[in-house]
$ cat protein23.pdb   # PDB, C-alpha atoms and all ligand atoms
ATOM      1  CA  MET A   1     177.872  45.783  36.573
ATOM      2  CA  ALA A   2     176.468  42.276  36.821
ATOM      3  CA  LEU A   3     173.911  41.332  34.191
ATOM      4  CA  ASN A   4     170.516  40.555  35.543
ATOM      5  CA  PRO A   5     169.355  37.671  33.362
ATOM      6  CA  SER A   6     165.830  37.804  34.725
ATOM      7  CA  LEU A   7     164.961  41.490  34.463
ATOM      8  CA  PRO A   8     161.280  41.585  35.413
ATOM      9  CA  LEU A   9     159.022  42.580  32.540
ATOM     10  CA  GLN A  10     157.799  45.589  34.452
ATOM     11  CA  ALA A  11     161.354  46.902  34.907
ATOM     12  CA  LEU A  12     161.945  46.407  31.188
ATOM     13  CA  ALA A  13     158.716  48.252  30.415
ATOM     14  CA  GLU A  14     159.980  51.175  32.514
ATOM     15  CA  LEU A  15     163.401  51.175  30.801
ATOM     16  CA  LEU A  16     162.264  50.931  27.202
ATOM     17  CA  PRO A  17     160.510  54.303  26.709
ATOM     18  CA  GLY A  18     163.591  56.160  27.970
ATOM     19  CA  LEU A  19     165.946  54.181  25.749
ATOM     20  CA  LEU A  20     163.685  54.458  22.718
ATOM     21  CA  SER A  21     163.229  58.194  23.237
ATOM     22  CA  GLN A  22     166.971  58.748  22.940
ATOM     23  CA  ALA A  23     167.523  56.299  20.096
ATOM     24  CA  GLN A  24     168.608  57.553  16.671
ATOM     25  CA  VAL A  25     166.334  54.908  15.207
ATOM     26  CA  LEU A  26     162.886  56.212  14.217
ATOM     27  CA  ALA A  27     160.334  54.548  16.498
ATOM     28  CA  GLY A  28     156.558  54.985  16.435
ATOM     29  CA  VAL A  29     153.500  53.002  17.492
ATOM     30  CA  PHE A  30     150.110  53.163  15.731
ATOM     31  CA  ASP A  31     146.886  51.834  17.259
ATOM     32  CA  ALA A  32     144.298  49.677  15.479
ATOM     33  CA  ASP A  33     142.693  52.856  14.031
ATOM     34  CA  ASP A  34     146.079  53.790  12.565
ATOM     35  CA  ARG A  35     146.546  56.720  14.951
ATOM     36  CA  LEU A  36     150.071  57.512  16.161
ATOM     37  CA  VAL A  37     149.948  56.875  19.894
ATOM     38  CA  TRP A  38     153.661  57.212  20.609
ATOM     39  CA  ALA A  39     156.758  58.306  18.701
ATOM     40  CA  ASN A  40     160.302  59.248  19.632
ATOM     41  CA  ALA A  41     162.038  62.490  18.703
ATOM     42  CA  ALA A  42     163.839  60.941  15.699
ATOM     43  CA  PHE A  43     160.506  59.727  14.270
ATOM     44  CA  CYS A  44     158.787  63.113  14.789
ATOM     45  CA  GLU A  45     161.688  65.003  13.275
ATOM     46  CA  ALA A  46     161.985  62.768  10.199
ATOM     47  CA  LEU A  47     158.262  62.604   9.456
ATOM     48  CA  ALA A  48     157.358  66.215  10.304
ATOM     49  CA  VAL A  49     155.149  65.261  13.254
ATOM     50  CA  VAL A  50     154.666  67.785  16.082
ATOM     51  CA  PRO A  51     156.096  66.028  19.180
ATOM     52  CA  GLY A  52     153.328  64.897  21.499
ATOM     53  CA  SER A  53     150.638  65.110  18.785
ATOM     54  CA  HIS A  54     148.630  62.066  17.682
ATOM     55  CA  PRO A  55     147.778  62.304  13.992
ATOM     56  CA  THR A  56     146.433  59.335  12.060
ATOM     57  CA  TRP A  57     148.782  57.886   9.463
ATOM     58  CA  ALA A  58     146.560  59.406   6.737
ATOM     59  CA  GLU A  59     146.839  62.857   8.381
ATOM     60  CA  MET A  60     150.613  62.430   8.589
ATOM     61  CA  MET A  61     150.862  61.598   4.894
ATOM     62  CA  ARG A  62     148.543  64.476   3.972
ATOM     63  CA  HIS A  63     150.775  66.837   5.970
ATOM     64  CA  CYS A  64     153.967  65.481   4.347
ATOM     65  CA  HIS A  65     152.457  65.936   0.893
ATOM     66  CA  ALA A  66     151.070  69.425   1.563
ATOM     67  CA  THR A  67     154.232  70.806   3.202
ATOM     68  CA  GLN A  68     156.761  68.823   1.138
ATOM     69  CA  ARG A  69     158.417  67.645   4.357
ATOM     70  CA  GLY A  70     158.923  64.160   5.760
ATOM     71  CA  THR A  71     158.177  61.253   3.415
ATOM     72  CA  VAL A  72     158.438  61.881  -0.320
ATOM     73  CA  ILE A  73     155.160  60.913  -2.020
ATOM     74  CA  ASN A  74     155.454  60.715  -5.783
ATOM     75  CA  THR A  75     151.956  60.969  -7.231
ATOM     76  CA  ASP A  76     149.864  63.349  -9.293
ATOM     77  CA  ASP A  77     146.670  62.159  -7.542
ATOM     78  CA  PHE A  78     147.299  62.253  -3.791
ATOM     79  CA  GLU A  79     143.800  61.092  -2.730
ATOM     80  CA  ALA A  80     143.996  58.011  -4.976
ATOM     81  CA  TRP A  81     147.494  57.274  -3.674
ATOM     82  CA  LEU A  82     146.294  57.585  -0.071
ATOM     83  CA  ALA A  83     143.261  55.312  -0.565
ATOM     84  CA  SER A  84     145.372  52.696  -2.308
ATOM     85  CA  ALA A  85     148.175  52.736   0.265
ATOM     86  CA  ALA A  86     145.699  52.708   3.182
ATOM     87  CA  SER A  87     143.855  49.681   1.783
ATOM     88  CA  ARG A  88     147.031  47.589   1.961
ATOM     89  CA  ARG A  89     148.667  49.128   5.027
ATOM     90  CA  GLY A  90     149.021  46.987   8.135
ATOM     91  CA  LYS A  91     147.785  43.756   6.521
ATOM     92  CA  LEU A  92     151.051  41.827   6.820
ATOM     93  CA  PRO A  93     152.557  40.834  10.190
ATOM     94  CA  TYR A  94     155.896  42.250   8.995
ATOM     95  CA  ARG A  95     157.249  44.181   6.050
ATOM     96  CA  GLN A  96     160.217  46.386   5.283
ATOM     97  CA  PHE A  97     160.918  48.898   2.556
ATOM     98  CA  GLU A  98     163.204  51.797   1.756
ATOM     99  CA  THR A  99     161.714  55.258   1.631
ATOM    100  CA  ASP A 100     163.224  58.683   0.984
ATOM    101  CA  LEU A 101     162.647  61.911   2.897
ATOM    102  CA  HIS A 102     162.441  65.443   1.539
ATOM    103  CA  ASP A 103     165.681  66.282   3.351
ATOM    104  CA  GLY A 104     167.472  63.716   1.162
ATOM    105  CA  ARG A 105     167.813  60.918   3.713
ATOM    106  CA  TRP A 106     166.937  57.300   2.939
ATOM    107  CA  ILE A 107     165.194  55.307   5.661
ATOM    108  CA  LEU A 108     164.862  51.538   5.914
ATOM    109  CA  MET A 109     161.423  51.283   7.502
ATOM    110  CA  THR A 110     160.018  48.159   9.146
ATOM    111  CA  GLU A 111     156.404  47.606  10.173
ATOM    112  CA  THR A 112     155.444  44.928  12.691
ATOM    113  CA  VAL A 113     151.705  44.395  13.185
ATOM    114  CA  ASP A 114     150.131  42.378  15.984
ATOM    115  CA  GLU A 115     146.885  40.414  15.726
ATOM    116  CA  ARG A 116     144.857  43.375  17.060
ATOM    117  CA  GLY A 117     146.173  45.684  14.341
ATOM    118  CA  TRP A 118     148.644  47.669  16.475
ATOM    119  CA  MET A 119     151.788  48.558  14.547
ATOM    120  CA  LEU A 120     155.382  49.190  15.613
ATOM    121  CA  CYS A 121     157.366  51.207  13.045
ATOM    122  CA  LEU A 122     161.139  51.246  13.291
ATOM    123  CA  GLY A 123     163.263  53.092  10.758
ATOM    124  CA  SER A 124     167.037  53.373  10.336
ATOM    125  CA  ASP A 125     168.929  55.942   8.316
ATOM    126  CA  VAL A 126     170.571  53.986   5.492
ATOM    127  CA  SER A 127     171.534  57.021   3.376
ATOM    128  CA  ASP A 128     175.196  56.052   3.357
ATOM    129  CA  LEU A 129     174.689  52.321   2.921
ATOM    130  CA  ALA A 130     174.639  50.388  -0.332
ATOM    131  CA  ARG A 131     173.845  53.361  -2.545
ATOM    132  CA  ASP A 132     174.855  51.380  -5.625
ATOM    133  CA  HIS A 133     171.830  49.175  -5.829
ATOM    134  CA  ARG A 134     169.273  51.496  -4.284
ATOM    135  CA  GLU A 135     167.458  52.265  -7.541
ATOM    136  CA  LEU A 136     167.210  48.560  -8.205
ATOM    137  CA  ARG A 137     165.848  47.852  -4.733
ATOM    138  CA  VAL A 138     163.308  50.669  -4.937
ATOM    139  CA  ALA A 139     162.213  49.459  -8.388
ATOM    140  CA  ARG A 140     161.849  45.943  -6.980
ATOM    141  CA  ASP A 141     159.703  47.240  -4.086
ATOM    142  CA  GLN A 142     157.524  49.184  -6.544
ATOM    143  CA  ALA A 143     157.108  46.177  -8.837
ATOM    144  CA  GLN A 144     156.221  43.970  -5.862
ATOM    145  CA  ARG A 145     153.613  46.510  -4.764
ATOM    146  CA  ALA A 146     152.199  46.888  -8.286
ATOM    147  CA  SER A 147     151.799  43.115  -8.633
ATOM    148  CA  LEU A 148     149.369  43.168  -5.686
ATOM    149  CA  VAL A 149     147.313  46.238  -6.664
ATOM    150  CA  ASP A 150     144.249  46.428  -8.875
ATOM    151  CA  ALA A 151     145.072  49.145 -11.400
ATOM    152  CA  LEU A 152     141.520  50.543 -11.643
ATOM    153  CA  THR A 153     140.469  50.810  -7.987
ATOM    154  CA  GLY A 154     143.889  50.964  -6.313
ATOM    155  CA  MET A 155     142.768  48.309  -3.815
ATOM    156  CA  GLY A 156     144.365  44.867  -3.505
ATOM    157  CA  ASN A 157     143.932  42.530  -6.470
ATOM    158  CA  ARG A 158     143.043  38.826  -6.627
ATOM    159  CA  SER A 159     146.579  37.764  -5.859
ATOM    160  CA  PHE A 160     146.746  40.055  -2.783
ATOM    161  CA  VAL A 161     143.446  38.934  -1.310
ATOM    162  CA  MET A 162     144.050  35.217  -2.036
ATOM    163  CA  THR A 163     147.464  35.367  -0.352
ATOM    164  CA  GLN A 164     145.935  37.109   2.643
ATOM    165  CA  LEU A 165     143.193  34.479   2.870
ATOM    166  CA  SER A 166     145.653  31.559   2.730
ATOM    167  CA  GLN A 167     147.913  33.138   5.352
ATOM    168  CA  ARG A 168     145.004  33.854   7.678
ATOM    169  CA  LEU A 169     143.533  30.364   7.267
ATOM    170  CA  ALA A 170     146.925  28.820   8.020
ATOM    171  CA  GLY A 171     147.676  31.085  10.981
ATOM    172  CA  ARG A 172     144.369  31.094  12.842
ATOM    173  CA  LEU A 173     143.660  28.976  15.897
ATOM    174  CA  ASP A 174     140.063  29.174  17.096
ATOM    175  CA  THR A 175     139.331  32.596  15.624
ATOM    176  CA  PRO A 176     136.323  32.612  13.296
ATOM    177  CA  LEU A 177     137.030  33.706   9.730
ATOM    178  CA  CYS A 178     134.435  34.745   7.147
ATOM    179  CA  VAL A 179     134.726  35.284   3.418
ATOM    180  CA  VAL A 180     132.422  37.546   1.432
ATOM    181  CA  MET A 181     132.054  37.381  -2.346
ATOM    182  CA  ALA A 182     130.368  40.503  -3.726
ATOM    183  CA  ASP A 183     129.190  41.171  -7.267
ATOM    184  CA  LEU A 184     127.606  44.337  -8.691
ATOM    185  CA  ASP A 185     124.046  43.785  -9.924
ATOM    186  CA  HIS A 186     123.160  44.238 -13.599
ATOM    187  CA  PHE A 187     126.488  45.885 -14.124
ATOM    188  CA  LYS A 188     126.262  45.370 -17.870
ATOM    189  CA  GLN A 189     123.223  47.691 -17.909
ATOM    190  CA  ILE A 190     125.180  50.333 -15.999
ATOM    191  CA  ASN A 191     127.971  50.162 -18.579
ATOM    192  CA  ASP A 192     125.384  50.340 -21.349
ATOM    193  CA  SER A 193     123.662  53.395 -19.875
ATOM    194  CA  VAL A 194     126.621  55.485 -18.669
ATOM    195  CA  GLY A 195     129.491  54.101 -20.729
ATOM    196  CA  HIS A 196     132.568  52.146 -19.745
ATOM    197  CA  ALA A 197     134.229  55.104 -17.979
ATOM    198  CA  GLY A 198     131.058  55.628 -15.925
ATOM    199  CA  GLY A 199     131.051  51.915 -15.103
ATOM    200  CA  ASP A 200     134.669  52.209 -13.974
ATOM    201  CA  ALA A 201     133.694  55.054 -11.626
ATOM    202  CA  VAL A 202     130.934  52.863 -10.139
ATOM    203  CA  LEU A 203     133.469  50.066  -9.521
ATOM    204  CA  CYS A 204     135.769  52.570  -7.770
ATOM    205  CA  ASP A 205     132.833  53.805  -5.691
ATOM    206  CA  PHE A 206     132.069  50.288  -4.495
ATOM    207  CA  ALA A 207     135.756  49.622  -3.760
ATOM    208  CA  ARG A 208     135.753  52.725  -1.541
ATOM    209  CA  LEU A 209     132.511  51.819   0.279
ATOM    210  CA  LEU A 210     133.644  48.242   0.891
ATOM    211  CA  GLN A 211     136.999  49.441   2.171
ATOM    212  CA  GLN A 212     135.335  52.018   4.433
ATOM    213  CA  GLY A 213     132.882  49.453   5.762
ATOM    214  CA  ILE A 214     135.437  46.971   7.089
ATOM    215  CA  ARG A 215     137.964  47.306   9.898
ATOM    216  CA  ARG A 216     141.648  47.941   9.352
ATOM    217  CA  VAL A 217     142.491  44.348  10.299
ATOM    218  CA  ASP A 218     140.171  43.011   7.577
ATOM    219  CA  VAL A 219     141.138  42.777   3.938
ATOM    220  CA  CYS A 220     139.297  43.222   0.678
ATOM    221  CA  GLY A 221     140.208  43.266  -2.966
ATOM    222  CA  ARG A 222     138.900  43.164  -6.512
ATOM    223  CA  MET A 223     138.885  39.659  -7.912
ATOM    224  CA  GLY A 224     138.308  40.912 -11.456
ATOM    225  CA  GLY A 225     135.467  42.471 -13.475
ATOM    226  CA  GLU A 226     132.680  43.491 -11.106
ATOM    227  CA  GLU A 227     133.537  40.882  -8.453
ATOM    228  CA  PHE A 228     135.102  41.669  -5.069
ATOM    229  CA  MET A 229     136.104  39.634  -2.032
ATOM    230  CA  ALA A 230     136.524  40.480   1.648
ATOM    231  CA  VAL A 231     138.052  38.457   4.484
ATOM    232  CA  LEU A 232     136.822  39.234   8.001
ATOM    233  CA  GLU A 233     138.594  37.626  10.921
ATOM    234  CA  GLY A 234     137.372  37.397  14.512
ATOM    235  CA  LEU A 235     133.721  38.041  13.651
ATOM    236  CA  SER A 236     130.923  35.493  13.872
ATOM    237  CA  LEU A 237     128.798  34.848  10.799
ATOM    238  CA  SER A 238     126.033  37.111  12.101
ATOM    239  CA  GLU A 239     128.469  39.896  13.028
ATOM    240  CA  ALA A 240     130.020  39.689   9.564
ATOM    241  CA  GLU A 241     126.535  39.818   8.072
ATOM    242  CA  GLN A 242     125.781  43.031  10.005
ATOM    243  CA  VAL A 243     128.972  44.598   8.626
ATOM    244  CA  MET A 244     127.938  43.686   5.097
ATOM    245  CA  GLN A 245     124.356  44.886   5.604
ATOM    246  CA  ARG A 246     125.834  48.285   6.471
ATOM    247  CA  VAL A 247     127.945  48.194   3.299
ATOM    248  CA  LEU A 248     124.840  47.309   1.250
ATOM    249  CA  ALA A 249     122.978  50.247   2.850
ATOM    250  CA  SER A 250     125.819  52.629   1.968
ATOM    251  CA  VAL A 251     125.745  51.311  -1.616
ATOM    252  CA  ARG A 252     121.979  51.973  -1.873
ATOM    253  CA  ALA A 253     122.508  55.550  -0.659
ATOM    254  CA  SER A 254     125.428  56.236  -2.991
ATOM    255  CA  ARG A 255     125.126  58.352  -6.154
ATOM    256  CA  PRO A 256     128.570  57.825  -7.647
ATOM    257  CA  LEU A 257     128.323  59.870 -10.858
ATOM    258  CA  ALA A 258     128.070  63.660 -10.796
ATOM    259  CA  SER A 259     127.174  63.515 -14.519
ATOM    260  CA  HIS A 260     124.219  61.171 -13.749
ATOM    261  CA  PRO A 261     123.043  62.315 -10.301
ATOM    262  CA  GLU A 262     120.068  59.938 -10.409
ATOM    263  CA  LEU A 263     122.186  56.825 -11.006
ATOM    264  CA  SER A 264     122.361  54.338  -8.144
ATOM    265  CA  TYR A 265     123.491  50.724  -8.138
ATOM    266  CA  ARG A 266     123.129  47.585  -6.073
ATOM    267  CA  VAL A 267     125.348  44.688  -5.008
ATOM    268  CA  SER A 268     124.730  41.015  -4.167
ATOM    269  CA  MET A 269     126.846  39.126  -1.632
ATOM    270  CA  GLY A 270     127.513  35.590  -0.462
ATOM    271  CA  LEU A 271     128.995  35.059   2.982
ATOM    272  CA  ALA A 272     130.608  31.872   4.331
ATOM    273  CA  GLN A 273     132.379  31.063   7.582
ATOM    274  CA  ALA A 274     135.405  28.768   7.454
ATOM    275  CA  ALA A 275     134.918  25.332   9.008
ATOM    276  CA  PRO A 276     137.913  23.999  11.005
ATOM    277  CA  GLY A 277     140.666  23.042   8.571
ATOM    278  CA  GLU A 278     138.646  24.071   5.510
ATOM    279  CA  PRO A 279     140.838  24.938   2.509
ATOM    280  CA  ALA A 280     140.508  28.337   0.791
ATOM    281  CA  ALA A 281     139.066  26.873  -2.422
ATOM    282  CA  SER A 282     136.169  25.176  -0.618
ATOM    283  CA  LEU A 283     135.411  28.279   1.453
ATOM    284  CA  ILE A 284     135.358  30.492  -1.638
ATOM    285  CA  SER A 285     133.198  28.051  -3.517
ATOM    286  CA  ARG A 286     130.623  28.057  -0.668
ATOM    287  CA  ALA A 287     130.635  31.869  -0.600
ATOM    288  CA  ASP A 288     130.224  31.842  -4.402
ATOM    289  CA  ALA A 289     127.257  29.476  -4.135
ATOM    290  CA  ALA A 290     125.654  31.827  -1.576
ATOM    291  CA  LEU A 291     126.291  34.747  -3.952
ATOM    292  CA  TYR A 292     124.542  32.806  -6.705
ATOM    293  CA  GLN A 293     121.576  32.308  -4.346
ATOM    294  CA  ALA A 294     121.535  36.059  -3.639
ATOM    295  CA  LYS A 295     121.299  36.720  -7.390
ATOM    296  CA  ARG A 296     118.505  34.147  -7.783
ATOM    297  CA  GLN A 297     116.558  35.504  -4.829
ATOM    298  CA  GLY A 298     116.352  38.964  -6.433
ATOM    299  CA  ARG A 299     119.818  40.555  -5.869
ATOM    300  CA  ASP A 300     120.666  43.514  -3.555
ATOM    301  CA  ARG A 301     121.123  41.234  -0.544
ATOM    302  CA  CYS A 302     123.587  39.172   1.437
ATOM    303  CA  VAL A 303     122.976  35.416   1.650
ATOM    304  CA  LEU A 304     124.719  33.211   4.232
ATOM    305  CA  ALA A 305     126.198  29.884   3.129
TER     306      ALA A 305
HETATM  307  N1  LIG A 401     133.318  49.484 -16.875
HETATM  308  C1  LIG A 401     133.842  48.268 -16.668
HETATM  309  N2  LIG A 401     133.095  47.177 -16.951
HETATM  310  C2  LIG A 401     133.603  45.946 -16.718
HETATM  311  C3  LIG A 401     134.902  45.787 -16.176
HETATM  312  N3  LIG A 401     135.133  44.446 -16.062
HETATM  313  C4  LIG A 401     134.005  43.816 -16.478
HETATM  314  N4  LIG A 401     133.072  44.706 -16.871
HETATM  315  C5  LIG A 401     131.740  44.438 -17.420
HETATM  316  O1  LIG A 401     130.914  43.905 -16.414
HETATM  317  C6  LIG A 401     129.787  43.282 -17.048
HETATM  318  C7  LIG A 401     129.378  42.074 -16.251
HETATM  319  O2  LIG A 401     128.206  41.598 -16.815
HETATM  320  P1  LIG A 401     127.523  40.235 -16.391
HETATM  321  O3  LIG A 401     128.574  39.234 -15.985
HETATM  322  O4  LIG A 401     126.596  39.879 -17.472
HETATM  323  O5  LIG A 401     126.750  40.533 -15.080
HETATM  324  P2  LIG A 401     125.707  41.665 -14.662
HETATM  325  O6  LIG A 401     125.235  42.491 -15.802
HETATM  326  O7  LIG A 401     126.348  42.431 -13.535
HETATM  327  O8  LIG A 401     124.503  40.825 -14.122
HETATM  328  P3  LIG A 401     124.356  40.089 -12.721
HETATM  329  O9  LIG A 401     125.734  39.822 -12.165
HETATM  330  O10 LIG A 401     123.624  38.829 -13.040
HETATM  331  O11 LIG A 401     123.567  40.985 -11.827
HETATM  332  C8  LIG A 401     130.230  42.957 -18.475
HETATM  333  O12 LIG A 401     129.483  43.745 -19.347
HETATM  334  C9  LIG A 401     131.700  43.387 -18.496
HETATM  335  O13 LIG A 401     132.058  43.965 -19.746
HETATM  336  C10 LIG A 401     135.668  46.956 -15.924
HETATM  337  O14 LIG A 401     136.824  46.929 -15.456
HETATM  338  N5  LIG A 401     135.086  48.164 -16.180
END

$ encode --input "protein23.pdb" --output "structure tokens"
Amino acid sequence: MALNPSLPLQALAELLPGLLSQAQVLAGVFDADDRLVWANAAFCEALAVVPGSHPTWAEMMRHCHATQRGTVINTDDFEAWLASAASRRGKLPYRQFETDLHDGRWILMTETVDERGWMLCLGSDVSDLARDHRELRVARDQAQRASLVDALTGMGNRSFVMTQLSQRLAGRLDTPLCVVMADLDHFKQINDSVGHAGGDAVLCDFARLLQQGIRRVDVCGRMGGEEFMAVLEGLSLSEAEQVMQRVLASVRASRPLASHPELSYRVSMGLAQAAPGEPAASLISRADAALYQAKRQGRDRCVLA
């Protein structure tokens, strides 16, 4: 049969689902809300997904953990594992890692994410390949992951969020990009009144609310102490401000400690939009200056640079 070098895109689009359905390779597509919109039989079988169903990635992982099928999840605190993994999932345009399944297979999984947050997952069975160095490779993947995670909150750490910011500043064309610096108010007093462990729980509460308040394509992380940073791409300054006002409202409503049901806390924020060609350091320093203004103006607010 002669090769048709100029197969029209539409013909290719008609061919691909059939080919992918039969493929031994695991293939699945997640939308920007991390819901599985399409998967082939190999993917459904390996990850214990009912064919034709559309669970979110979190629901898939919950199912794997509860039924001990599909992906092996080694943790004694599943909810913390899920929150931590979700906060870093889909933030890189491409990544690959090896993962094991309850049936004993090893899968080399790749994730390709487009600028809207849609993700293509392709996985190959590598059970019989390069067994010798698998432990080493898995340990390397774990160490790489740990170096980007804040141990207390499970969200990304300074290094993670700074790398994300630099990559996004370098890669963007005309898309607006905003940086938020957030700092808990009078946090020393919270530590003094409920103890260090109580203070830790408040930090985790804010990490969760910040994470919940932003979209999957955005990133946030803990810079250290009681300071956090978020990077919002594709939103104007006023849209980013609205997002943060909602986060501040959720903070005001939160009562993070069951042992101190009356305890609430507040957060101050500084928000800056990147000027064309502006380096990360200058952008952060403008957001920091706005945060300082927020503190001076009475805290519990978001000030625009
Ligand atoms: N529980 C807990 N406390 C921390 C952690 N890291 C830093 N802190 C405490 O956070 C407090 C920060 O205090 P300050 O920098 O004085 O700021 P603040 O009391 O929040 O006051 P403003 O920022 O001006 O509103 C210090 O008491 C630190 O010990 C942590 O991981 N856990």

$ resolve_selection --input "protein23.pdb" --expression "the PyMOL selection byres (((chain A and resi 54) around 6) and not hetatm)" --output "JSON, numbers by chain"
{"A": [36, 37, 53, 55]}

$ residues_near_ligand --input "protein23.pdb" --ligand "ligand LIG 401 (chain A)" --cutoff "7 Å" --atoms "only C-alpha atoms and all ligand atoms" --output "PyMOL selection string"
chain A and resi 183-189+191+196-200+224-226+295

$ atom_distance --input "protein23.pdb" --atom1 "CA of Ala281 (chain A)" --atom2 "CA of Leu237 (chain A)"
18.5 Å

$ resolve_selection --input "protein23.pdb" --expression "the PyMOL selection byres (((chain A and resi 104) around 12) and not hetatm)" --output "short mmCIF file (atom, residue, chain, number, x, y, z; two decimals) with C-alpha atoms, keeping the file's coordinate frame"
data_model
loop_
_atom_site.label_atom_id
_atom_site.label_comp_id
_atom_site.auth_asym_id
_atom_site.auth_seq_id
_atom_site.Cartn_x
_atom_site.Cartn_y
_atom_site.Cartn_z
CA ALA A 46 161.99 62.77 10.20
CA GLN A 68 156.76 68.82 1.14
CA ARG A 69 158.42 67.64 4.36
CA GLY A 70 158.92 64.16 5.76
CA THR A 71 158.18 61.25 3.42
CA VAL A 72 158.44 61.88 -0.32
CA THR A 99 161.71 55.26 1.63
CA ASP A 100 163.22 58.68 0.98
CA LEU A 101 162.65 61.91 2.90
CA HIS A 102 162.44 65.44 1.54
CA ASP A 103 165.68 66.28 3.35
CA ARG A 105 167.81 60.92 3.71
CA TRP A 106 166.94 57.30 2.94
CA ILE A 107 165.19 55.31 5.66
CA ASP A 125 168.93 55.94 8.32
CA VAL A 126 170.57 53.99 5.49
CA SER A 127 171.53 57.02 3.38
CA ASP A 128 175.20 56.05 3.36
#

$ axis_aligned_box --input "protein23.pdb" --around "region 278-290 of chain A" --padding-each-side "4 Å" --output "JSON"
{"center_x": 133.2, "center_y": 28.0, "center_z": 0.6, "size_x": 23.2, "size_y": 15.8, "size_z": 17.9}

$ residues_around --input "protein23.pdb" --residues "Met155 (chain A)" --least-positions-apart "6" --cutoff "7 Å" --atoms "only C-alpha atoms" --output "NGL selection string"
:A and (84 or 87 or 149 or 221-222)

$ residues_near_point --input "protein23.pdb" --point "(158.3, 46.4, -2.2)" --cutoff "12 Å" --atoms "only C-alpha atoms" --output "PyMOL selection string"
chain A and resi 95-99+108-110+136-149

$ closest_residue --input "protein23.pdb" --among "A:Ala80, A:Ala258, A:Leu120, A:Ala11" --to "Ala207 (chain A)" --atoms "all atoms listed in the file"
A:Ala80

$ resolve_selection --input "protein23.pdb" --expression "the PyMOL selection byres (((chain A and resi 26) around 12) and not hetatm)" --output "ChimeraX atom specification"
/A:20-25,27-29,38-47,49,107-111,120-126

$ build_atoms --input "protein23.pdb" --residues "region 133-145 of chain A" --atoms "N, CA and C atoms" --output "mmCIF file, keeping the file's coordinate frame"
data_model
loop_
_atom_site.group_PDB
_atom_site.id
_atom_site.type_symbol
_atom_site.label_atom_id
_atom_site.label_comp_id
_atom_site.auth_asym_id
_atom_site.auth_seq_id
_atom_site.Cartn_x
_atom_site.Cartn_y
_atom_site.Cartn_z
ATOM 1 N N HIS A 133 172.975 49.941 -5.320
ATOM 2 C CA HIS A 133 171.830 49.175 -5.829
ATOM 3 C C HIS A 133 170.491 49.721 -5.359
ATOM 4 N N ARG A 134 170.515 50.981 -4.859
ATOM 5 C CA ARG A 134 169.273 51.496 -4.284
ATOM 6 C C ARG A 134 168.161 51.569 -5.331
ATOM 7 N N GLU A 135 168.498 52.112 -6.508
ATOM 8 C CA GLU A 135 167.458 52.265 -7.541
ATOM 9 C C GLU A 135 166.818 50.919 -7.851
ATOM 10 N N LEU A 136 167.694 49.907 -7.902
ATOM 11 C CA LEU A 136 167.210 48.560 -8.205
ATOM 12 C C LEU A 136 166.276 48.065 -7.103
ATOM 13 N N ARG A 137 166.677 48.324 -5.851
ATOM 14 C CA ARG A 137 165.848 47.852 -4.733
ATOM 15 C C ARG A 137 164.509 48.586 -4.684
ATOM 16 N N VAL A 138 164.554 49.907 -4.955
ATOM 17 C CA VAL A 138 163.308 50.669 -4.937
ATOM 18 C C VAL A 138 162.401 50.195 -6.084
ATOM 19 N N ALA A 139 163.007 49.944 -7.251
ATOM 20 C CA ALA A 139 162.213 49.459 -8.388
ATOM 21 C C ALA A 139 161.599 48.101 -8.065
ATOM 22 N N ARG A 140 162.375 47.257 -7.370
ATOM 23 C CA ARG A 140 161.849 45.943 -6.980
ATOM 24 C C ARG A 140 160.671 46.094 -6.020
ATOM 25 N N ASP A 141 160.802 47.003 -5.030
ATOM 26 C CA ASP A 141 159.703 47.240 -4.086
ATOM 27 C C ASP A 141 158.461 47.728 -4.831
ATOM 28 N N GLN A 142 158.671 48.644 -5.805
ATOM 29 C CA GLN A 142 157.524 49.184 -6.544
ATOM 30 C C GLN A 142 156.851 48.093 -7.377
ATOM 31 N N ALA A 143 157.677 47.243 -8.000
ATOM 32 C CA ALA A 143 157.108 46.177 -8.837
ATOM 33 C C ALA A 143 156.332 45.188 -7.968
ATOM 34 N N GLN A 144 156.901 44.888 -6.790
ATOM 35 C CA GLN A 144 156.221 43.970 -5.862
ATOM 36 C C GLN A 144 154.857 44.543 -5.464
ATOM 37 N N ARG A 145 154.855 45.849 -5.165
ATOM 38 C CA ARG A 145 153.613 46.510 -4.764
ATOM 39 C C ARG A 145 152.617 46.477 -5.921
#
